[in-house]
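Q: This structure is in structure tokens; I'll ask about it shortly.
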Amino acid sequence: MAAVRQQKIILQVHRSYKGELNIYFALMIAVIIPLILTMIEGSRINAMKLQLECVVDMGMDSVLAEYNRPLLEQYDLLFVDLAYEQPTGSLDHLKEHFAEYISYNLQPQKELPILRIRDFLGLNMESVDILAASRATDEQGAVFRYMAVSYMLNKYGIDYVDDLQDMIAVTERTGLYDSDIMAENDNAQNAINSIEIPPPEDLEEGEEWNEPEKDDPTASLNELRYQGILPLVCGDEVSGASIDPNSYVTGRSLVTGSGMEESWVECTPLVEGLLFNEYIMEKCGNYSQRKEGSPLCYETEYIIAGKNNDTDNLRITAERILLIRGGANSIYFFGNQELKAEAKALAVSLSFILLFPEFELLFEGAIIAAWIYAESVVDVRQLLLGNRVPLFKGEGEWNLSLENALGLTVETISDMVGEESSSGEEESGLSYEDYLRLLLYMVPMEEKTGRCMDIVEMNIRNVAGYENFCLDQCIAALTFQMVFSSSYGYSFLMQRSCRYT
């Protein structure tokens, strides 16, 4: 009897324990299943966000990878060309490309119809808008200039322009930018022309008197000067190429964008200007180093002068170099007692011949101005032939005697430059390109940038397939706004920016 009772008790205890487990699991399942489903849904949402981040980043990288190849090859600039090799550019073209990349990366299984892969996320892009686009021509070319300066900084560094800053500082401090030897010659000639020789005191009433002809020592040189500077300084034929300025950036209406990106870090104005000048010197041709196939042979001269033909651009550039050389030669001349004494002696002789000593100062001023002008012409001829001329001359570097200066001809210039170029002295001093750097510094930044963009458009349009290339259809930075939806009932709004640095 005792054994039976013990077994029943055990059975009763066992049944009671089993019932407690069933209730426990039932209660736990009611809590665990919603938790698991919540975790699965949370994982789905996080997976959606992660996929969208990756897909959008890949899409923006793909858009930036479609940069204009000729623009990179010729000018080392990264811009997305909105034309996409079509006749006209549009932001719609870019949106189509971006949407295509996004759609492919969201559902790559569409390319593999054999594999039946269930989409755990079910994402689709509903719409895409471009909120901001920085075009190359925005803010008077500031975006274009920023990309060019960034290239120079990455290639050379900021120390590259230290010597240029010193050269510019010396030029400004000595007033070479303000010198005008042409005006000084005109003023001196006008002073001589205005001389009136009074009739002699013993002239009888009614007796005819003719004013004697004044012996003008600078007449021959002035006659040569009025013919223009190019015949004097150019050793070969001058290009007559011209362009239609209305076809390029500075002559047509431009499509505007959002301007500079706030994240772009700019240099100081001086460093930016000097680096941009060096970019022009590196990428553009000039009289001594012409660029093959360019519509204009003298590209840097165009940026300096802004005329629509090579002849005028070279003439204006040569005249401006002549003014700088005139200022520098004036500093040397007035510091040289021998040269001043020679000019004064000739002026005294001429005034003595006319029997009017008061004309001495007028003759002296004309002789000095003509002598400095003639010396400066020889300097410019040296530069255009590829020789070097120091910014400030030293002892023994003055070229012309007074006799050669006042009797200057094209033949004597050619002979004298030939002698100098064969002596090896041209190895010291500044080159023609160095003087172009001095002139570029004086061109206002907006004008300089616009003309440089003209040059870029000219040359890119020479490439087959890019005949309608326009820089205002080139993008350096973008801001997208996208709306995504999921077949599981979710929607996402994203805003992302991408840019070249």
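Within each chain, counting starts at residue 1; across the structure tokens, chains are named A, B, ... in the order shown, with ligands numbered 1 upward in that order.
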Show me, as a list of chain:residue names, the residues that have an atom within 12 Å of Ile460 of chain A when counting only C-alpha atoms, minus same-chain residues fewer than 5 positions from it.
A: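 So, after excluding close chain neighbours, the residues are A:Asn68, A:Arg69, A:Pro70, A:Leu71, A:Leu72, A:Glu73, A:Gln74, A:Tyr75, A:Asp81, A:Tyr248, A:Gly293, A:Ser294, A:Pro295, A:Met453, A:Asp454, A:Ile455, A:Gly465, A:Tyr466, A:Glu467, A:Asn468, A:Phe469, A:Cys470, A:Leu471.
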Q: Find the residues around Cys474 of chain A up to 6 Å (only C-alpha atoms counted), leave out those fewer than 6 positions away in its own chain, and share them as a PyMOL selection string.
A: chain A and resi 79-81+135-136
Q: Write the residues of the preceding selection, restricted to C-alpha atoms, as a CSV table (one decimal), in the first residue's frame.
A:
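What ended up in again.csv:
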```
chain,number,residue,atom,x,y,z
A,79,PHE,CA,33.9,69.0,-65.1
A,80,VAL,CA,30.8,67.0,-65.9
A,81,ASP,CA,29.6,68.1,-69.4
A,135,ARG,CA,28.7,75.7,-63.3
A,136,ALA,CA,32.2,76.6,-64.5
```
Q: List the neighbours of Val380 of chain A out to 9 Å using only C-alpha atoms; skip same-chain residues closer than 4 positions along the sequence, and give me the result as a list of chain:residue names.
A: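 Residues meeting the cut-off are A:Val233, A:Cys234, A:Ala318, A:Glu319, A:Ile321, A:Leu322, A:Arg325, A:Glu375, A:Ser376, A:Leu384, A:Leu385, A:Val389, A:Tyr432.
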Q: Go ahead and save the picked residues with C-alpha atoms, as an mmCIF file, in the first residue's frame.
A:
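Dumped everything to out_39.cif:
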```
data_model
loop_
_atom_site.group_PDB
_atom_site.id
_atom_site.type_symbol
_atom_site.label_atom_id
_atom_site.label_comp_id
_atom_site.auth_asym_id
_atom_site.auth_seq_id
_atom_site.Cartn_x
_atom_site.Cartn_y
_atom_site.Cartn_z
ATOM 1 C CA VAL A 233 60.171 94.158 -83.037
ATOM 2 C CA CYS A 234 58.858 91.111 -84.922
ATOM 3 C CA ALA A 318 54.400 94.497 -77.319
ATOM 4 C CA GLU A 319 53.460 98.101 -76.564
ATOM 5 C CA ILE A 321 56.158 95.506 -72.611
ATOM 6 C CA LEU A 322 57.707 98.558 -74.281
ATOM 7 C CA ARG A 325 61.079 98.559 -70.533
ATOM 8 C CA GLU A 375 66.687 101.345 -76.325
ATOM 9 C CA SER A 376 63.341 99.913 -75.233
ATOM 10 C CA LEU A 384 60.328 88.416 -79.158
ATOM 11 C CA LEU A 385 63.311 86.637 -80.671
ATOM 12 C CA VAL A 389 66.476 91.123 -71.015
ATOM 13 C CA TYR A 432 59.376 87.023 -72.942
#
```
Q: One decimal, Å: what's the distance from atom CA of Met458 of chain A over to atom CA of Gln140 of chain A, could you say?
A: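 Between atom CA of Met458 of chain A and atom CA of Gln140 of chain A the gap is 18.3 Å.
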Q: Point out the residue among A:Ile45, A:Leu274, A:Glu237, A:Gly335 with the least atom-to-atom distance to Met167 of chain A, counting only C-alpha atoms.
A: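 Of all the options, A:Leu274 lies closest to Met167 of chain A.
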Q: May I ask which of the residues A:Thr218, A:Ser239, A:Ser127, A:Asn308 is the closest one to Leu493 of chain A, counting only C-alpha atoms?
A: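 Of the candidates, the smallest distance to Leu493 of chain A is held by A:Ser127.
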Q: As a PyMOL selection string, please: all residues of segment 99-269 of chain A that backbone DSSP puts in strand (DSSP E).
A: chain A and resi 123-135
Q: So which one's closest to Ile324 of chain A, A:Tyr287, A:Phe363, A:Tyr298, A:Tyr435? Using only C-alpha atoms, please.
A: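 Counting only C-alpha atoms, the residue closest to Ile324 of chain A is A:Tyr435.
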Q: Might you pull out every residue within 8 Å of segment 254-267 of chain A, with only C-alpha atoms counted and same-chain residues fewer than 2 positions away left off, and present them as a ChimeraX atom specification?
A: /A:132-135,137-139,142-143,146,249,252,269,271-272,472-473,477,501
Q: Restricting it to N, CA and C atoms, dump the selection as a PDB file, in the first residue's frame.
A:
```pdb
ATOM      1  N   ALA A 132      21.099  72.140 -56.467  1.00  0.00           N
ATOM      2  CA  ALA A 132      22.186  73.099 -56.721  1.00  0.00           C
ATOM      3  C   ALA A 132      23.178  72.483 -57.685  1.00  0.00           C
ATOM      4  N   ALA A 133      23.720  73.319 -58.562  1.00  0.00           N
ATOM      5  CA  ALA A 133      24.729  72.878 -59.522  1.00  0.00           C
ATOM      6  C   ALA A 133      25.699  74.023 -59.766  1.00  0.00           C
ATOM      7  N   SER A 134      26.962  73.806 -59.453  1.00  0.00           N
ATOM      8  CA  SER A 134      27.986  74.835 -59.643  1.00  0.00           C
ATOM      9  C   SER A 134      28.553  74.720 -61.052  1.00  0.00           C
ATOM     10  N   ARG A 135      28.248  75.715 -61.868  1.00  0.00           N
ATOM     11  CA  ARG A 135      28.714  75.725 -63.251  1.00  0.00           C
ATOM     12  C   ARG A 135      30.065  76.432 -63.341  1.00  0.00           C
ATOM     13  N   THR A 137      31.210  78.687 -65.200  1.00  0.00           N
ATOM     14  CA  THR A 137      31.191  80.136 -65.448  1.00  0.00           C
ATOM     15  C   THR A 137      30.543  80.934 -64.331  1.00  0.00           C
ATOM     16  N   ASP A 138      30.088  80.287 -63.278  1.00  0.00           N
ATOM     17  CA  ASP A 138      29.393  80.995 -62.193  1.00  0.00           C
ATOM     18  C   ASP A 138      30.312  82.009 -61.521  1.00  0.00           C
ATOM     19  N   GLU A 139      29.696  83.092 -61.038  1.00  0.00           N
ATOM     20  CA  GLU A 139      30.400  84.159 -60.319  1.00  0.00           C
ATOM     21  C   GLU A 139      31.583  84.672 -61.130  1.00  0.00           C
ATOM     22  N   ALA A 142      34.483  82.194 -61.249  1.00  0.00           N
ATOM     23  CA  ALA A 142      35.161  81.832 -60.000  1.00  0.00           C
ATOM     24  C   ALA A 142      35.288  80.316 -59.851  1.00  0.00           C
ATOM     25  N   VAL A 143      34.274  79.560 -60.295  1.00  0.00           N
ATOM     26  CA  VAL A 143      34.332  78.099 -60.193  1.00  0.00           C
ATOM     27  C   VAL A 143      35.438  77.554 -61.108  1.00  0.00           C
ATOM     28  N   TYR A 146      38.757  78.409 -59.567  1.00  0.00           N
ATOM     29  CA  TYR A 146      39.048  77.586 -58.392  1.00  0.00           C
ATOM     30  C   TYR A 146      39.589  76.222 -58.804  1.00  0.00           C
ATOM     31  N   VAL A 249      32.554  82.535 -74.187  1.00  0.00           N
ATOM     32  CA  VAL A 249      32.043  82.893 -72.864  1.00  0.00           C
ATOM     33  C   VAL A 249      31.841  84.390 -72.697  1.00  0.00           C
ATOM     34  N   ARG A 252      28.670  85.888 -75.058  1.00  0.00           N
ATOM     35  CA  ARG A 252      27.304  85.367 -75.164  1.00  0.00           C
ATOM     36  C   ARG A 252      26.636  85.336 -73.792  1.00  0.00           C
ATOM     37  N   PRO A 269      43.691  86.389 -52.252  1.00  0.00           N
ATOM     38  CA  PRO A 269      43.575  86.920 -53.623  1.00  0.00           C
ATOM     39  C   PRO A 269      44.899  86.995 -54.372  1.00  0.00           C
ATOM     40  N   VAL A 271      47.749  85.168 -53.930  1.00  0.00           N
ATOM     41  CA  VAL A 271      48.233  83.827 -54.286  1.00  0.00           C
ATOM     42  C   VAL A 271      47.347  83.213 -55.368  1.00  0.00           C
ATOM     43  N   GLU A 272      46.046  83.393 -55.226  1.00  0.00           N
ATOM     44  CA  GLU A 272      45.121  82.864 -56.234  1.00  0.00           C
ATOM     45  C   GLU A 272      45.421  83.468 -57.607  1.00  0.00           C
ATOM     46  N   ASP A 472      29.558  76.902 -69.672  1.00  0.00           N
ATOM     47  CA  ASP A 472      28.441  77.113 -68.749  1.00  0.00           C
ATOM     48  C   ASP A 472      27.542  75.887 -68.658  1.00  0.00           C
ATOM     49  N   GLN A 473      27.850  74.834 -69.434  1.00  0.00           N
ATOM     50  CA  GLN A 473      27.163  73.556 -69.302  1.00  0.00           C
ATOM     51  C   GLN A 473      28.057  72.512 -68.626  1.00  0.00           C
ATOM     52  N   ALA A 477      30.091  70.759 -59.072  1.00  0.00           N
ATOM     53  CA  ALA A 477      29.507  70.338 -57.788  1.00  0.00           C
ATOM     54  C   ALA A 477      27.990  70.244 -57.952  1.00  0.00           C
ATOM     55  N   THR A 501      37.289  68.170 -56.038  1.00  0.00           N
ATOM     56  CA  THR A 501      38.076  68.975 -55.114  1.00  0.00           C
ATOM     57  C   THR A 501      39.341  69.450 -55.802  1.00  0.00           C
TER      58      THR A 501
END
```
Q: Residues at most 8 Å from Val161 of chain A, counting only C-alpha atoms, excluding those fewer than 2 positions away in the same chain, as a PyMOL selection string?
A: chain A and resi 158-159+163-165+271+274-275
Q: Restricting the calculation to only C-alpha atoms: of A:Gln86, A:Ser330, A:Asn222, A:Thr250, which residue gets closest to Ala188 of chain A?
A: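 Among the listed residues, the smallest separation from Ala188 of chain A belongs to A:Asn222.
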Q: Pick the closest to Glu96 of chain A from A:Asp129, A:Lys155, A:Phe359, A:Leu27: which is it, counting only C-alpha atoms?
A: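 So, comparing all the options, the nearest one is A:Asp129.
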Q: Excluding Glu282 of chain A and residues on its chain fewer than 6 positions from it, collect all residues at most 10 Å away from it, counting only C-alpha atoms, and give them as a ChimeraX atom specification.
A: /A:75,152,276,300
Q: One decimal, Å: what's the distance from atom CA of Asn313 of chain A over to atom CA of Val238 of chain A, could you say?
A: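 We find that atom CA of Asn313 of chain A and atom CA of Val238 of chain A lie 10.7 Å from each other.
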Q: Let's see if you can do this: from backbone DSSP, list all alpha helix (DSSP H) residues in segment 138-326 of chain A, as number ranges by chain.
A: A: 138-156, 162-173, 181-193, 219-225, 230-233, 269-283, 299-305, 310-326
Q: Print the selection's residues with C-alpha atoms to a file, as a JSON list (two decimals), in the first residue's frame.
A:
```
[["chain", "number", "residue", "atom", "x", "y", "z"],
["A", 138, "ASP", "CA", 29.39, 81.00, -62.19],
["A", 139, "GLU", "CA", 30.40, 84.16, -60.32],
["A", 140, "GLN", "CA", 32.31, 85.49, -63.34],
["A", 141, "GLY", "CA", 34.32, 82.31, -63.68],
["A", 142, "ALA", "CA", 35.16, 81.83, -60.00],
["A", 143, "VAL", "CA", 34.33, 78.10, -60.19],
["A", 144, "PHE", "CA", 36.55, 77.62, -63.26],
["A", 145, "ARG", "CA", 39.35, 79.59, -61.62],
["A", 146, "TYR", "CA", 39.05, 77.59, -58.39],
["A", 147, "MET", "CA", 39.46, 74.30, -60.27],
["A", 148, "ALA", "CA", 42.49, 75.65, -62.17],
["A", 149, "VAL", "CA", 44.13, 76.97, -58.98],
["A", 150, "SER", "CA", 43.43, 73.66, -57.20],
["A", 151, "TYR", "CA", 45.26, 71.84, -59.99],
["A", 152, "MET", "CA", 48.25, 74.17, -59.62],
["A", 153, "LEU", "CA", 48.32, 73.74, -55.84],
["A", 154, "ASN", "CA", 48.20, 69.96, -56.12],
["A", 155, "LYS", "CA", 50.96, 69.95, -58.73],
["A", 156, "TYR", "CA", 53.36, 72.60, -57.42],
["A", 162, "ASP", "CA", 57.26, 83.03, -54.02],
["A", 163, "ASP", "CA", 59.66, 84.33, -56.68],
["A", 164, "LEU", "CA", 56.76, 85.74, -58.67],
["A", 165, "GLN", "CA", 55.57, 87.72, -55.66],
["A", 166, "ASP", "CA", 59.02, 89.24, -55.29],
["A", 167, "MET", "CA", 59.18, 90.19, -58.97],
["A", 168, "ILE", "CA", 55.70, 91.78, -58.85],
["A", 169, "ALA", "CA", 56.58, 93.69, -55.68],
["A", 170, "VAL", "CA", 59.74, 95.15, -57.25],
["A", 171, "THR", "CA", 57.85, 96.14, -60.39],
["A", 172, "GLU", "CA", 55.15, 97.92, -58.39],
["A", 173, "ARG", "CA", 57.58, 99.58, -56.01],
["A", 181, "ILE", "CA", 57.61, 106.32, -72.67],
["A", 182, "MET", "CA", 55.22, 106.82, -75.61],
["A", 183, "ALA", "CA", 53.52, 109.75, -73.90],
["A", 184, "GLU", "CA", 56.88, 111.22, -72.92],
["A", 185, "ASN", "CA", 58.00, 111.15, -76.54],
["A", 186, "ASP", "CA", 54.76, 112.75, -77.69],
["A", 187, "ASN", "CA", 55.04, 115.50, -75.09],
["A", 188, "ALA", "CA", 58.66, 116.18, -76.01],
["A", 189, "GLN", "CA", 57.84, 116.30, -79.72],
["A", 190, "ASN", "CA", 54.89, 118.63, -79.13],
["A", 191, "ALA", "CA", 57.15, 120.93, -77.12],
["A", 192, "ILE", "CA", 59.64, 121.13, -80.00],
["A", 193, "ASN", "CA", 56.87, 121.67, -82.55],
["A", 219, "ALA", "CA", 62.44, 113.57, -86.33],
["A", 220, "SER", "CA", 63.78, 110.39, -87.95],
["A", 221, "LEU", "CA", 63.02, 108.23, -84.92],
["A", 222, "ASN", "CA", 59.53, 109.67, -84.50],
["A", 223, "GLU", "CA", 58.74, 108.97, -88.13],
["A", 224, "LEU", "CA", 59.74, 105.36, -87.51],
["A", 225, "ARG", "CA", 57.72, 105.27, -84.28],
["A", 230, "LEU", "CA", 55.29, 95.37, -84.80],
["A", 231, "PRO", "CA", 57.49, 96.07, -87.86],
["A", 232, "LEU", "CA", 60.27, 97.07, -85.46],
["A", 233, "VAL", "CA", 60.17, 94.16, -83.04],
["A", 269, "PRO", "CA", 43.57, 86.92, -53.62],
["A", 270, "LEU", "CA", 47.26, 87.51, -54.36],
["A", 271, "VAL", "CA", 48.23, 83.83, -54.29],
["A", 272, "GLU", "CA", 45.12, 82.86, -56.23],
["A", 273, "GLY", "CA", 45.90, 85.44, -58.90],
["A", 274, "LEU", "CA", 49.53, 84.41, -59.29],
["A", 275, "LEU", "CA", 48.70, 80.70, -59.41],
["A", 276, "PHE", "CA", 46.02, 81.35, -62.02],
["A", 277, "ASN", "CA", 48.54, 83.37, -64.05],
["A", 278, "GLU", "CA", 50.89, 80.39, -63.94],
["A", 279, "TYR", "CA", 48.05, 78.13, -65.05],
["A", 280, "ILE", "CA", 47.55, 80.39, -68.07],
["A", 281, "MET", "CA", 51.26, 80.35, -68.84],
["A", 282, "GLU", "CA", 51.34, 76.54, -68.63],
["A", 283, "LYS", "CA", 48.21, 75.79, -70.65],
["A", 299, "GLU", "CA", 46.55, 82.85, -76.73],
["A", 300, "THR", "CA", 48.22, 84.51, -73.75],
["A", 301, "GLU", "CA", 48.37, 87.79, -75.68],
["A", 302, "TYR", "CA", 44.60, 87.46, -76.24],
["A", 303, "ILE", "CA", 44.08, 87.10, -72.49],
["A", 304, "ILE", "CA", 46.17, 90.24, -71.94],
["A", 305, "ALA", "CA", 44.70, 92.42, -74.69],
["A", 310, "ASP", "CA", 46.27, 87.96, -83.28],
["A", 311, "THR", "CA", 47.73, 91.11, -84.81],
["A", 312, "ASP", "CA", 46.07, 93.53, -82.40],
["A", 313, "ASN", "CA", 46.73, 91.29, -79.41],
["A", 314, "LEU", "CA", 50.44, 91.04, -80.20],
["A", 315, "ARG", "CA", 50.68, 94.76, -80.91],
["A", 316, "ILE", "CA", 49.07, 95.75, -77.60],
["A", 317, "THR", "CA", 51.20, 93.25, -75.69],
["A", 318, "ALA", "CA", 54.40, 94.50, -77.32],
["A", 319, "GLU", "CA", 53.46, 98.10, -76.56],
["A", 320, "ARG", "CA", 52.83, 97.29, -72.91],
["A", 321, "ILE", "CA", 56.16, 95.51, -72.61],
["A", 322, "LEU", "CA", 57.71, 98.56, -74.28],
["A", 323, "LEU", "CA", 56.25, 100.76, -71.54],
["A", 324, "ILE", "CA", 57.71, 98.54, -68.81],
["A", 325, "ARG", "CA", 61.08, 98.56, -70.53],
["A", 326, "GLY", "CA", 60.82, 102.33, -70.93]]
```
Q: As an MDAnalysis selection string, please: the residues near Ser103 of chain A (cut-off 9 Å, only C-alpha atoms, same-chain neighbours under 5 positions excluded).
A: chainID A and resid 55 98 108 124:125
Q: Using the selection just defined, write its residues with N, CA and C atoms as a compact mmCIF listing (two decimals), in the first residue's frame.
A:
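Result saved to selection34.txt:
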```txt
# COMPACT_ATOMS: atom_id res chain seq x y z
N VAL A 55 24.07 52.98 -52.45
CA VAL A 55 23.62 53.16 -53.83
C VAL A 55 23.77 54.61 -54.27
N PHE A 98 21.92 59.71 -63.68
CA PHE A 98 21.95 59.40 -62.25
C PHE A 98 20.85 58.42 -61.88
N PRO A 108 19.84 45.03 -58.95
CA PRO A 108 20.76 44.41 -59.93
C PRO A 108 20.27 43.07 -60.45
N ASN A 124 12.66 51.34 -54.55
CA ASN A 124 12.59 51.98 -55.85
C ASN A 124 12.74 53.48 -55.67
N MET A 125 13.32 54.14 -56.68
CA MET A 125 13.44 55.60 -56.63
C MET A 125 12.22 56.22 -57.27
```
Q: Hey, which of A:Ile23, A:Thr449, A:Arg461, A:Ser487 ends up closest to Glu85 of chain A? Count only C-alpha atoms.
A: A:Arg461
Q: For atom CA of Gly386 of chain A and atom CA of Ser288 of chain A, determine how far apart the two atoms are, in Å to one decimal place.
A: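 Atom CA of Gly386 of chain A sits 6.6 Å away from atom CA of Ser288 of chain A.
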